[in-house]
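Visitor: Dropping in final15.pdb, which is PDB, C-alpha atoms and all ligand atoms:
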```pdb
ATOM      1  CA  MET F   1      -1.770 -38.919   2.261
ATOM      2  CA  ARG F   2      -5.437 -38.120   1.998
ATOM      3  CA  ARG F   3      -4.864 -35.066   4.166
ATOM      4  CA  ARG F   4      -2.153 -33.813   1.807
ATOM      5  CA  THR F   5      -4.487 -34.144  -1.162
ATOM      6  CA  ILE F   6      -7.214 -32.139   0.488
ATOM      7  CA  GLN F   7      -5.001 -29.450   2.040
ATOM      8  CA  PRO F   8      -4.793 -27.067  -0.954
ATOM      9  CA  PHE F   9      -8.583 -26.743  -0.984
ATOM     10  CA  PHE F  10      -8.522 -25.327   2.530
ATOM     11  CA  ARG F  11      -5.658 -22.912   2.037
ATOM     12  CA  GLU F  12      -6.955 -19.520   3.134
ATOM     13  CA  THR F  13      -4.255 -17.322   1.680
ATOM     14  CA  GLU F  14      -2.598 -17.858  -1.676
ATOM     15  CA  LEU F  15       0.145 -15.543  -2.892
ATOM     16  CA  GLN F  16      -0.243 -14.432  -6.510
ATOM     17  CA  LYS F  17       1.954 -12.523  -8.930
ATOM     18  CA  THR F  18      -0.738  -9.852  -9.190
ATOM     19  CA  ASP F  19      -0.273  -9.072  -5.460
ATOM     20  CA  LEU F  20       3.259  -7.868  -6.073
ATOM     21  CA  VAL F  21       4.779  -4.491  -6.904
ATOM     22  CA  MET F  22       8.452  -4.271  -7.859
ATOM     23  CA  PRO F  23      10.493  -1.259  -6.649
ATOM     24  CA  VAL F  24      12.617   0.132  -9.496
ATOM     25  CA  PHE F  25      15.527   2.535  -8.977
ATOM     26  CA  VAL F  26      16.235   4.790 -11.935
ATOM     27  CA  ASP F  27      19.596   6.572 -11.938
ATOM     28  CA  GLU F  28      20.138   9.516 -14.253
ATOM     29  CA  SER F  29      23.944   9.269 -14.053
ATOM     30  CA  ILE F  30      24.516   5.721 -15.276
ATOM     31  CA  SER F  31      24.426   4.102 -18.704
ATOM     32  CA  ALA F  32      24.276   0.427 -17.645
ATOM     33  CA  PRO F  33      22.580  -1.350 -14.707
ATOM     34  CA  LEU F  34      24.559  -0.855 -11.494
ATOM     35  CA  ALA F  35      24.468  -3.515  -8.750
ATOM     36  CA  ILE F  36      23.417  -2.372  -5.260
ATOM     37  CA  PRO F  37      25.949  -4.012  -2.884
ATOM     38  CA  SER F  38      23.716  -4.200   0.214
ATOM     39  CA  MET F  39      20.817  -5.646  -1.807
ATOM     40  CA  PRO F  40      22.211  -8.612  -3.779
ATOM     41  CA  GLY F  41      20.294  -9.146  -7.021
ATOM     42  CA  GLN F  42      19.026  -5.546  -7.128
ATOM     43  CA  PHE F  43      20.222  -2.884  -9.554
ATOM     44  CA  ARG F  44      19.893   0.774 -10.350
ATOM     45  CA  HIS F  45      18.712   1.180 -13.928
ATOM     46  CA  PRO F  46      19.624   3.879 -16.442
ATOM     47  CA  VAL F  47      16.740   5.992 -17.770
ATOM     48  CA  ASP F  48      17.048   4.544 -21.259
ATOM     49  CA  GLY F  49      17.139   0.969 -19.924
ATOM     50  CA  VAL F  50      14.164   1.148 -17.581
ATOM     51  CA  ALA F  51      11.526   0.261 -20.183
ATOM     52  CA  ASP F  52      13.542  -2.860 -21.127
ATOM     53  CA  TYR F  53      13.685  -3.881 -17.494
ATOM     54  CA  CYS F  54       9.947  -3.291 -16.998
ATOM     55  CA  GLU F  55       9.234  -5.311 -20.104
ATOM     56  CA  ARG F  56      11.189  -8.189 -18.560
ATOM     57  CA  LEU F  57       9.058  -7.829 -15.398
ATOM     58  CA  ARG F  58       5.872  -7.748 -17.441
ATOM     59  CA  ASP F  59       6.942 -10.869 -19.357
ATOM     60  CA  ALA F  60       7.555 -12.656 -16.034
ATOM     61  CA  GLY F  61       4.065 -11.666 -14.881
ATOM     62  CA  ILE F  62       4.735  -8.593 -12.727
ATOM     63  CA  GLY F  63       2.384  -5.819 -13.832
ATOM     64  CA  ALA F  64       3.134  -3.085 -11.305
ATOM     65  CA  VAL F  65       6.208  -1.063 -10.362
ATOM     66  CA  ILE F  66       7.040   1.744  -7.966
ATOM     67  CA  LEU F  67       9.704   4.131  -9.248
ATOM     68  CA  PHE F  68      12.431   5.843  -7.232
ATOM     69  CA  GLY F  69      14.571   8.406  -9.002
ATOM     70  CA  ILE F  70      18.217   9.192  -8.398
ATOM     71  CA  PRO F  71      18.907  12.560 -10.030
ATOM     72  CA  ALA F  72      22.266  13.679 -11.358
ATOM     73  CA  LYS F  73      21.905  17.041  -9.592
ATOM     74  CA  LYS F  74      20.626  17.828  -6.101
ATOM     75  CA  ASP F  75      19.870  21.213  -4.575
ATOM     76  CA  SER F  76      18.311  22.609  -1.404
ATOM     77  CA  GLU F  77      14.847  22.879  -2.991
ATOM     78  CA  ALA F  78      14.666  19.547  -4.871
ATOM     79  CA  THR F  79      13.958  21.252  -8.205
ATOM     80  CA  GLU F  80      14.878  18.113 -10.170
ATOM     81  CA  ALA F  81      11.993  16.266  -8.467
ATOM     82  CA  TYR F  82       9.441  18.138 -10.591
ATOM     83  CA  ALA F  83      11.542  19.093 -13.629
ATOM     84  CA  PRO F  84       9.816  18.135 -16.926
ATOM     85  CA  ASP F  85      12.978  16.279 -17.917
ATOM     86  CA  GLY F  86      13.663  14.925 -14.446
ATOM     87  CA  VAL F  87      14.756  11.332 -14.049
ATOM     88  CA  VAL F  88      11.358   9.981 -12.935
ATOM     89  CA  GLN F  89       9.419  12.016 -15.485
ATOM     90  CA  ARG F  90      11.530  10.572 -18.317
ATOM     91  CA  ALA F  91      11.292   7.078 -16.856
ATOM     92  CA  ILE F  92       7.481   7.203 -16.635
ATOM     93  CA  ARG F  93       7.194   8.393 -20.236
ATOM     94  CA  SER F  94       9.441   5.651 -21.578
ATOM     95  CA  ILE F  95       7.702   2.857 -19.614
ATOM     96  CA  ARG F  96       4.261   4.188 -20.539
ATOM     97  CA  GLU F  97       5.173   4.291 -24.232
ATOM     98  CA  ARG F  98       6.489   0.708 -24.260
ATOM     99  CA  LEU F  99       4.023  -0.868 -21.804
ATOM    100  CA  PRO F 100       0.680   0.940 -21.774
ATOM    101  CA  GLY F 101      -0.786  -1.611 -19.325
ATOM    102  CA  MET F 102       1.950  -1.400 -16.685
ATOM    103  CA  VAL F 103       0.671   0.082 -13.417
ATOM    104  CA  ILE F 104       3.138   2.835 -12.564
ATOM    105  CA  THR F 105       3.379   4.128  -9.020
ATOM    106  CA  THR F 106       5.868   6.857  -8.174
ATOM    107  CA  ASP F 107       7.475   7.681  -4.869
ATOM    108  CA  VAL F 108       6.705  11.319  -4.134
ATOM    109  CA  CYS F 109       9.319  12.784  -1.868
ATOM    110  CA  ALA F 110      12.209  15.180  -1.931
ATOM    111  CA  CYS F 111      14.876  13.360   0.057
ATOM    112  CA  GLU F 112      16.562  11.867  -3.014
ATOM    113  CA  TYR F 113      16.615  15.332  -4.626
ATOM    114  CA  THR F 114      17.778  17.568  -1.778
ATOM    115  CA  ASP F 115      21.459  18.177  -1.021
ATOM    116  CA  HIS F 116      20.663  18.037   2.721
ATOM    117  CA  GLY F 117      18.913  14.658   2.359
ATOM    118  CA  HIS F 118      15.669  15.645   4.081
ATOM    119  CA  CYS F 119      12.169  15.142   2.701
ATOM    120  CA  GLY F 120      11.225  18.752   2.027
ATOM    121  CA  ILE F 121      12.193  22.391   2.375
ATOM    122  CA  ILE F 122      14.284  23.213   5.431
ATOM    123  CA  GLY F 123      13.630  26.343   7.467
ATOM    124  CA  GLU F 124      15.036  27.727  10.724
ATOM    125  CA  THR F 125      13.070  26.838  13.866
ATOM    126  CA  VAL F 126      13.812  27.447  17.548
ATOM    127  CA  ASP F 127      15.352  23.961  17.666
ATOM    128  CA  GLY F 128      17.593  24.668  14.691
ATOM    129  CA  PRO F 129      17.021  23.708  11.051
ATOM    130  CA  ASP F 130      13.913  21.582  10.428
ATOM    131  CA  LEU F 131      11.280  20.854   7.772
ATOM    132  CA  GLU F 132       9.119  23.841   6.827
ATOM    133  CA  ASN F 133       5.645  22.272   6.617
ATOM    134  CA  ASP F 134       3.776  24.615   4.248
ATOM    135  CA  LEU F 135       6.596  25.037   1.745
ATOM    136  CA  SER F 136       7.238  21.287   1.825
ATOM    137  CA  LEU F 137       3.536  20.581   1.169
ATOM    138  CA  GLU F 138       3.609  22.874  -1.864
ATOM    139  CA  LEU F 139       6.672  21.019  -3.099
ATOM    140  CA  MET F 140       4.994  17.588  -2.666
ATOM    141  CA  ALA F 141       1.928  18.743  -4.630
ATOM    142  CA  ARG F 142       4.184  20.006  -7.392
ATOM    143  CA  ILE F 143       6.098  16.718  -7.578
ATOM    144  CA  ALA F 144       2.908  14.589  -7.537
ATOM    145  CA  LEU F 145       1.290  16.686 -10.257
ATOM    146  CA  SER F 146       4.338  16.426 -12.465
ATOM    147  CA  HIS F 147       4.309  12.608 -12.108
ATOM    148  CA  ALA F 148       0.589  12.501 -12.967
ATOM    149  CA  GLU F 149       1.126  14.727 -16.014
ATOM    150  CA  ASN F 150       3.744  12.303 -17.298
ATOM    151  CA  GLY F 151       1.497   9.262 -16.892
ATOM    152  CA  ALA F 152       1.787   7.866 -13.354
ATOM    153  CA  ASP F 153      -1.295   5.884 -12.260
ATOM    154  CA  ILE F 154      -0.619   6.149  -8.548
ATOM    155  CA  VAL F 155       1.415   8.724  -6.631
ATOM    156  CA  ALA F 156       2.845   7.620  -3.306
ATOM    157  CA  PRO F 157       3.788  10.480  -0.989
ATOM    158  CA  SER F 158       6.248   9.123   1.569
ATOM    159  CA  CYS F 159       7.214  12.024   3.802
ATOM    160  CA  MET F 160       4.274  11.935   6.267
ATOM    161  CA  LEU F 161       3.803  15.715   6.499
ATOM    162  CA  ASP F 162       0.569  16.901   8.112
ATOM    163  CA  GLY F 163      -1.960  17.735   5.389
ATOM    164  CA  MET F 164       0.085  16.021   2.665
ATOM    165  CA  VAL F 165      -2.621  13.788   1.188
ATOM    166  CA  LYS F 166      -5.211  16.571   1.177
ATOM    167  CA  THR F 167      -2.844  19.040  -0.503
ATOM    168  CA  ILE F 168      -1.896  16.541  -3.199
ATOM    169  CA  ARG F 169      -5.530  15.467  -3.788
ATOM    170  CA  GLU F 170      -6.570  19.099  -4.271
ATOM    171  CA  ALA F 171      -3.704  19.802  -6.654
ATOM    172  CA  LEU F 172      -4.437  16.688  -8.742
ATOM    173  CA  ASP F 173      -8.191  17.360  -8.882
ATOM    174  CA  ALA F 174      -7.687  21.019  -9.819
ATOM    175  CA  ALA F 175      -5.538  19.949 -12.781
ATOM    176  CA  GLY F 176      -8.013  17.301 -13.982
ATOM    177  CA  TYR F 177      -6.233  14.244 -12.558
ATOM    178  CA  GLN F 178      -9.178  12.922 -10.523
ATOM    179  CA  ASP F 179      -8.322   9.377 -11.645
ATOM    180  CA  THR F 180      -4.774   9.454 -10.339
ATOM    181  CA  LEU F 181      -4.746   7.499  -7.084
ATOM    182  CA  ILE F 182      -2.896   8.425  -3.913
ATOM    183  CA  MET F 183      -1.106   5.673  -2.028
ATOM    184  CA  SER F 184      -0.104   7.216   1.249
ATOM    185  CA  TYR F 185       2.807   5.917   3.308
ATOM    186  CA  SER F 186       0.370   6.317   6.172
ATOM    187  CA  SER F 187       1.966   4.106   8.815
ATOM    188  CA  LYS F 188       5.679   4.511   8.263
ATOM    189  CA  PHE F 189       7.871   3.593  11.172
ATOM    190  CA  ALA F 190      11.277   5.049  12.064
ATOM    191  CA  SER F 191      12.896   1.703  11.264
ATOM    192  CA  ALA F 192      16.518   0.601  11.173
ATOM    193  CA  LEU F 193      15.528  -1.677   8.282
ATOM    194  CA  TYR F 194      15.798   1.136   5.703
ATOM    195  CA  GLY F 195      19.622   1.034   5.711
ATOM    196  CA  PRO F 196      20.215  -0.787   2.405
ATOM    197  CA  PHE F 197      17.682   1.485   0.621
ATOM    198  CA  ARG F 198      19.849   4.478   1.490
ATOM    199  CA  ASP F 199      22.707   2.805  -0.386
ATOM    200  CA  ALA F 200      20.360   2.191  -3.273
ATOM    201  CA  ALA F 201      18.955   5.685  -3.465
ATOM    202  CA  ASP F 202      21.821   7.880  -2.225
ATOM    203  CA  SER F 203      19.610   9.381   0.438
ATOM    204  CA  GLY F 204      21.772   9.898   3.502
ATOM    205  CA  PHE F 205      21.627  13.069   5.583
ATOM    206  CA  SER F 206      23.914  16.039   6.001
ATOM    207  CA  PHE F 207      22.361  16.641   9.464
ATOM    208  CA  GLY F 208      19.703  15.102  11.702
ATOM    209  CA  ASP F 209      17.496  12.154  10.728
ATOM    210  CA  ARG F 210      13.817  11.409  10.034
ATOM    211  CA  THR F 211      12.738  10.272  13.471
ATOM    212  CA  THR F 212      10.754  13.491  14.005
ATOM    213  CA  TYR F 213       8.265  12.594  11.280
ATOM    214  CA  GLN F 214       8.257   8.799  11.316
ATOM    215  CA  ILE F 215       6.483   6.689  13.909
ATOM    216  CA  ASP F 216       8.248   5.206  16.932
ATOM    217  CA  PRO F 217       8.303   1.398  16.495
ATOM    218  CA  GLY F 218       6.585   0.992  19.872
ATOM    219  CA  ASN F 219       3.559   3.114  18.937
ATOM    220  CA  ALA F 220       0.611   1.173  17.536
ATOM    221  CA  ARG F 221      -2.124   3.691  18.398
ATOM    222  CA  GLU F 222      -0.174   6.497  16.746
ATOM    223  CA  ALA F 223       0.256   4.378  13.599
ATOM    224  CA  ILE F 224      -3.478   3.692  13.411
ATOM    225  CA  MET F 225      -4.250   7.376  13.989
ATOM    226  CA  GLU F 226      -1.915   8.438  11.168
ATOM    227  CA  SER F 227      -3.759   6.085   8.827
ATOM    228  CA  GLU F 228      -7.146   7.434   9.979
ATOM    229  CA  LEU F 229      -5.964  10.964   9.200
ATOM    230  CA  ASP F 230      -4.930   9.931   5.692
ATOM    231  CA  VAL F 231      -8.315   8.281   5.094
ATOM    232  CA  ALA F 232      -9.993  11.553   6.111
ATOM    233  CA  GLU F 233      -7.701  13.505   3.773
ATOM    234  CA  GLY F 234      -8.682  11.356   0.787
ATOM    235  CA  ALA F 235      -6.071   8.608   0.450
ATOM    236  CA  ASP F 236      -7.065   5.803  -1.949
ATOM    237  CA  ILE F 237      -4.557   3.222  -0.692
ATOM    238  CA  LEU F 238      -2.914   3.076   2.729
ATOM    239  CA  MET F 239       0.530   1.702   3.394
ATOM    240  CA  VAL F 240       2.315   0.033   6.264
ATOM    241  CA  LYS F 241       6.115   0.136   6.166
ATOM    242  CA  PRO F 242       8.079  -2.006   7.037
ATOM    243  CA  ALA F 243       5.819  -5.024   6.568
ATOM    244  CA  GLY F 244       6.982  -8.296   8.134
ATOM    245  CA  ILE F 245       7.627  -7.118  11.684
ATOM    246  CA  TYR F 246       4.568  -4.817  11.725
ATOM    247  CA  LEU F 247       1.861  -7.367  10.920
ATOM    248  CA  ASP F 248      -0.267  -6.267  13.900
ATOM    249  CA  ILE F 249      -0.422  -2.755  12.440
ATOM    250  CA  LEU F 250      -1.165  -4.143   8.995
ATOM    251  CA  ALA F 251      -4.085  -6.207  10.338
ATOM    252  CA  SER F 252      -5.537  -3.144  12.088
ATOM    253  CA  VAL F 253      -5.143  -0.844   9.089
ATOM    254  CA  ALA F 254      -6.728  -3.459   6.814
ATOM    255  CA  GLY F 255      -9.884  -3.036   8.892
ATOM    256  CA  PHE F 256     -10.410   0.493   7.565
ATOM    257  CA  GLY F 257     -11.915  -0.802   4.323
ATOM    258  CA  LEU F 258      -9.447   0.849   1.920
ATOM    259  CA  PRO F 259      -6.929  -1.198  -0.054
ATOM    260  CA  VAL F 260      -3.716  -1.611   1.917
ATOM    261  CA  ALA F 261      -0.194  -1.875   0.585
ATOM    262  CA  ALA F 262       2.619  -3.345   2.673
ATOM    263  CA  TYR F 263       6.219  -2.445   1.905
ATOM    264  CA  GLN F 264       8.640  -5.275   2.571
ATOM    265  CA  VAL F 265      11.640  -2.971   2.874
ATOM    266  CA  SER F 266      15.274  -3.264   1.867
ATOM    267  CA  GLY F 267      16.429  -4.551   5.274
ATOM    268  CA  GLU F 268      13.817  -7.301   5.284
ATOM    269  CA  TYR F 269      15.030  -8.341   1.834
ATOM    270  CA  ALA F 270      18.703  -8.101   2.814
ATOM    271  CA  MET F 271      18.271 -10.285   5.923
ATOM    272  CA  ILE F 272      16.622 -13.124   4.019
ATOM    273  CA  LYS F 273      19.055 -12.777   1.135
ATOM    274  CA  ALA F 274      22.168 -12.763   3.351
ATOM    275  CA  ALA F 275      21.083 -15.783   5.389
ATOM    276  CA  GLY F 276      20.197 -17.561   2.147
ATOM    277  CA  GLU F 277      23.632 -16.834   0.669
ATOM    278  CA  ARG F 278      25.310 -18.341   3.748
ATOM    279  CA  GLY F 279      23.163 -21.425   3.562
ATOM    280  CA  TRP F 280      21.612 -20.620   6.957
ATOM    281  CA  LEU F 281      18.091 -20.355   5.536
ATOM    282  CA  ASP F 282      16.275 -21.523   2.443
ATOM    283  CA  GLU F 283      15.909 -18.142   0.722
ATOM    284  CA  ARG F 284      13.030 -19.121  -1.518
ATOM    285  CA  ALA F 285      10.994 -20.800   1.232
ATOM    286  CA  VAL F 286      11.517 -17.946   3.704
ATOM    287  CA  ALA F 287      10.795 -15.240   1.115
ATOM    288  CA  LEU F 288       7.536 -16.934   0.120
ATOM    289  CA  GLU F 289       6.554 -17.518   3.757
ATOM    290  CA  SER F 290       7.224 -13.874   4.628
ATOM    291  CA  LEU F 291       5.086 -12.702   1.699
ATOM    292  CA  VAL F 292       2.196 -15.050   2.403
ATOM    293  CA  ALA F 293       2.217 -13.883   6.042
ATOM    294  CA  ILE F 294       2.053 -10.265   4.900
ATOM    295  CA  LYS F 295      -0.891 -11.071   2.658
ATOM    296  CA  ARG F 296      -2.582 -13.101   5.426
ATOM    297  CA  ALA F 297      -2.315 -10.092   7.756
ATOM    298  CA  GLY F 298      -4.366  -8.040   5.292
ATOM    299  CA  ALA F 299      -2.183  -6.602   2.524
ATOM    300  CA  ASP F 300      -3.842  -6.222  -0.886
ATOM    301  CA  LEU F 301      -0.576  -5.141  -2.496
ATOM    302  CA  ILE F 302       2.938  -6.067  -1.450
ATOM    303  CA  ILE F 303       5.849  -3.927  -2.526
ATOM    304  CA  THR F 304       8.820  -6.274  -2.440
ATOM    305  CA  TYR F 305      12.293  -6.648  -3.916
ATOM    306  CA  PHE F 306      11.462 -10.339  -4.282
ATOM    307  CA  ALA F 307       8.692  -9.623  -6.829
ATOM    308  CA  GLU F 308      10.693 -10.663  -9.879
ATOM    309  CA  ASP F 309      12.146 -13.732  -8.116
ATOM    310  CA  VAL F 310       8.698 -14.844  -6.972
ATOM    311  CA  ALA F 311       7.330 -14.535 -10.499
ATOM    312  CA  ARG F 312      10.236 -16.644 -11.777
ATOM    313  CA  TRP F 313       9.742 -19.247  -9.037
ATOM    314  CA  PHE F 314       6.037 -19.489  -9.847
ATOM    315  CA  ASN F 315       6.790 -19.736 -13.563
ATOM    316  CA  GLU F 316       9.193 -22.652 -12.911
ATOM    317  CA  GLU F 317       6.533 -24.619 -10.996
TER     318      GLU F 317
HETATM  319 ZN    ZN F 401      11.707  11.272   1.809
END
```
The structure given in the file should be rewritten as structure tokens.
Guide:
Amino acid sequence: MRRRTIQPFFRETELQKTDLVMPVFVDESISAPLAIPSMPGQFRHPVDGVADYCERLRDAGIGAVILFGIPAKKDSEATEAYAPDGVVQRAIRSIRERLPGMVITTDVCACEYTDHGHCGIIGETVDGPDLENDLSLELMARIALSHAENGADIVAPSCMLDGMVKTIREALDAAGYQDTLIMSYSSKFASALYGPFRDAADSGFSFGDRTTYQIDPGNAREAIMESELDVAEGADILMVKPAGIYLDILASVAGFGLPVAAYQVSGEYAMIKAAGERGWLDERAVALESLVAIKRAGADLIITYFAEDVARWFNEE
């Protein structure tokens, strides 16, 4: 009994609402929230409903979001990704107007905007069609700048191209956005846990996959090296993705001294959710345990689809 009374004073890691970032999908083609079948409890939001949703998050105690856009039109060069009236640009403006204090991060990539589903501009190489590095870098800088211009606090480039962070930093600085932070998806593994996200964001492929520019799950040294490169290029926040089954990587990357974000991805969410729905696991207990473990391993920020649920659970206590 005595032991139980004293225990909370010795707890080393305490999960808080301010640790959490909620991923928000904004779909230009819908007029009401649309459920995502492989991620129960998650929805795509229409552009004119996204500020309402973020206000609900803010009221629950979640003060940070990361936005993913689903454009109505795709093309080979992802032009909608940087269009002034693109889906993310409009979403940022409407959230910013309603909730000046909300921390807005944006995913900077092209894969949701290209008709071929890849993360940049495709060129012909000796091995067939593949990402054209320089043109893709230019595109990333253009997308990041357009998000900053519309009011994003943090831009999060996710495609892991060589030189990506440096190119974006230079473009932001040159335009006067020195205060816009870069959260780099620095240690992003070629994981099978991204499946449900592809349902959510319509980002399948017309050919190939992303294994050429994501890290092999067996490679720890490579993951650390990728993060070191991003530190050298000027990243403000590093990221490890997925989170829960890469805690060793997270602990190593946390040693660099920069803030570290961990992305508990769609598959991690779906597994806990599905087992919870079948009564095989206690969803709430397992979700909280997974998040506390991610924080214990060194994450300063946790991007998680459970963010709103956790805030509600804490508010009920
Ligand atoms: Zn991408």
Visitor: Atom CA of F:Val50 and atom CA of F:Val292 are how many Å apart?
Guide: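 For atom CA of F:Val50 relative to atom CA of F:Val292, the distance reads 28.4 Å.
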Visitor: Using only C-alpha atoms and all ligand atoms, which residues of the polymer chains come no farther than 9 Å from ligand ZN 401 (chain F)? I'd like the answer as a VMD selection string.
Guide: chain F and resid 107 to 112 117 to 120 157 to 160 203 210
Visitor: What residues come out when you apply the PyMOL selection byres (((chain F and resi 229) around 12) and not hetatm) to this file, written as a PyMOL selection string?
Guide: chain F and resi 160-166+184-187+222-228+230-235+238+253+256
Visitor: Could you please take those selected residues and save C-alpha atoms as a PDB file, keeping the file's coordinate frame?
Guide:
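Listing of selection_4.pdb after writing:
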```
ATOM      1  CA  MET F 160       4.274  11.935   6.267  1.00  0.00           C
ATOM      2  CA  LEU F 161       3.803  15.715   6.499  1.00  0.00           C
ATOM      3  CA  ASP F 162       0.569  16.901   8.112  1.00  0.00           C
ATOM      4  CA  GLY F 163      -1.960  17.735   5.389  1.00  0.00           C
ATOM      5  CA  MET F 164       0.085  16.021   2.665  1.00  0.00           C
ATOM      6  CA  VAL F 165      -2.621  13.788   1.188  1.00  0.00           C
ATOM      7  CA  LYS F 166      -5.211  16.571   1.177  1.00  0.00           C
ATOM      8  CA  SER F 184      -0.104   7.216   1.249  1.00  0.00           C
ATOM      9  CA  TYR F 185       2.807   5.917   3.308  1.00  0.00           C
ATOM     10  CA  SER F 186       0.370   6.317   6.172  1.00  0.00           C
ATOM     11  CA  SER F 187       1.966   4.106   8.815  1.00  0.00           C
ATOM     12  CA  GLU F 222      -0.174   6.497  16.746  1.00  0.00           C
ATOM     13  CA  ALA F 223       0.256   4.378  13.599  1.00  0.00           C
ATOM     14  CA  ILE F 224      -3.478   3.692  13.411  1.00  0.00           C
ATOM     15  CA  MET F 225      -4.250   7.376  13.989  1.00  0.00           C
ATOM     16  CA  GLU F 226      -1.915   8.438  11.168  1.00  0.00           C
ATOM     17  CA  SER F 227      -3.759   6.085   8.827  1.00  0.00           C
ATOM     18  CA  GLU F 228      -7.146   7.434   9.979  1.00  0.00           C
ATOM     19  CA  ASP F 230      -4.930   9.931   5.692  1.00  0.00           C
ATOM     20  CA  VAL F 231      -8.315   8.281   5.094  1.00  0.00           C
ATOM     21  CA  ALA F 232      -9.993  11.553   6.111  1.00  0.00           C
ATOM     22  CA  GLU F 233      -7.701  13.505   3.773  1.00  0.00           C
ATOM     23  CA  GLY F 234      -8.682  11.356   0.787  1.00  0.00           C
ATOM     24  CA  ALA F 235      -6.071   8.608   0.450  1.00  0.00           C
ATOM     25  CA  LEU F 238      -2.914   3.076   2.729  1.00  0.00           C
ATOM     26  CA  VAL F 253      -5.143  -0.844   9.089  1.00  0.00           C
ATOM     27  CA  PHE F 256     -10.410   0.493   7.565  1.00  0.00           C
TER      28      PHE F 256
END
```
Visitor: For this file, the PyMOL selection byres (((chain F and resi 18) around 8) and not hetatm) selects which residues, as number ranges by chain?
Guide: F: 16-17, 19-20, 61-63
Visitor: Nearest residue to F:Glu97 out of F:Ala299, F:Ala51, F:Leu137, F:Ile245, using all atoms listed in the file?
Guide: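 Closest to F:Glu97 of all the choices is F:Ala51.
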Visitor: Around the point (11.0, 4.7, 11.9) in the file's coordinates, collect all residues with an atom within 7 Å, using only C-alpha atoms, and return them as number ranges by chain.
Guide: F: 188-192, 211, 214-217
Visitor: One decimal, Å: what's the distance from atom CA of F:Phe306 over to atom CA of F:Phe68, could you say?
Guide: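 One can read the atom CA of F:Phe306 to atom CA of F:Phe68 distance as 16.5 Å.
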Visitor: Return as a list in words the set of residues that the PyMOL selection byres (((chain F and resi 77) around 7) and not hetatm) yields on the displayed structure.
Guide: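 On the file shown, the PyMOL selection byres (((chain F and resi 77) around 7) and not hetatm) covers Asp75, Ser76, Ala78, Thr79, Thr114 and Ile121 of chain F.
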Visitor: Tell me which of F:His116, F:Arg11, F:Arg96, F:Arg284 sits closest to F:Arg296, counting only C-alpha atoms.
Guide: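 For F:Arg296, the nearest of the candidates is F:Arg11.
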Visitor: Work out how far apart atom CA of F:Ala285 and atom CA of F:Phe10 are and give it in Å to one decimal.
Guide: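 Rounded to one decimal, the two atoms are 20.1 Å apart.
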Visitor: Go through F:Val47, F:Ala152, F:Ile36, F:Ile66 and flag the residue nearest F:Ala307, using only C-alpha atoms for the distances.
Guide: F:Ile66
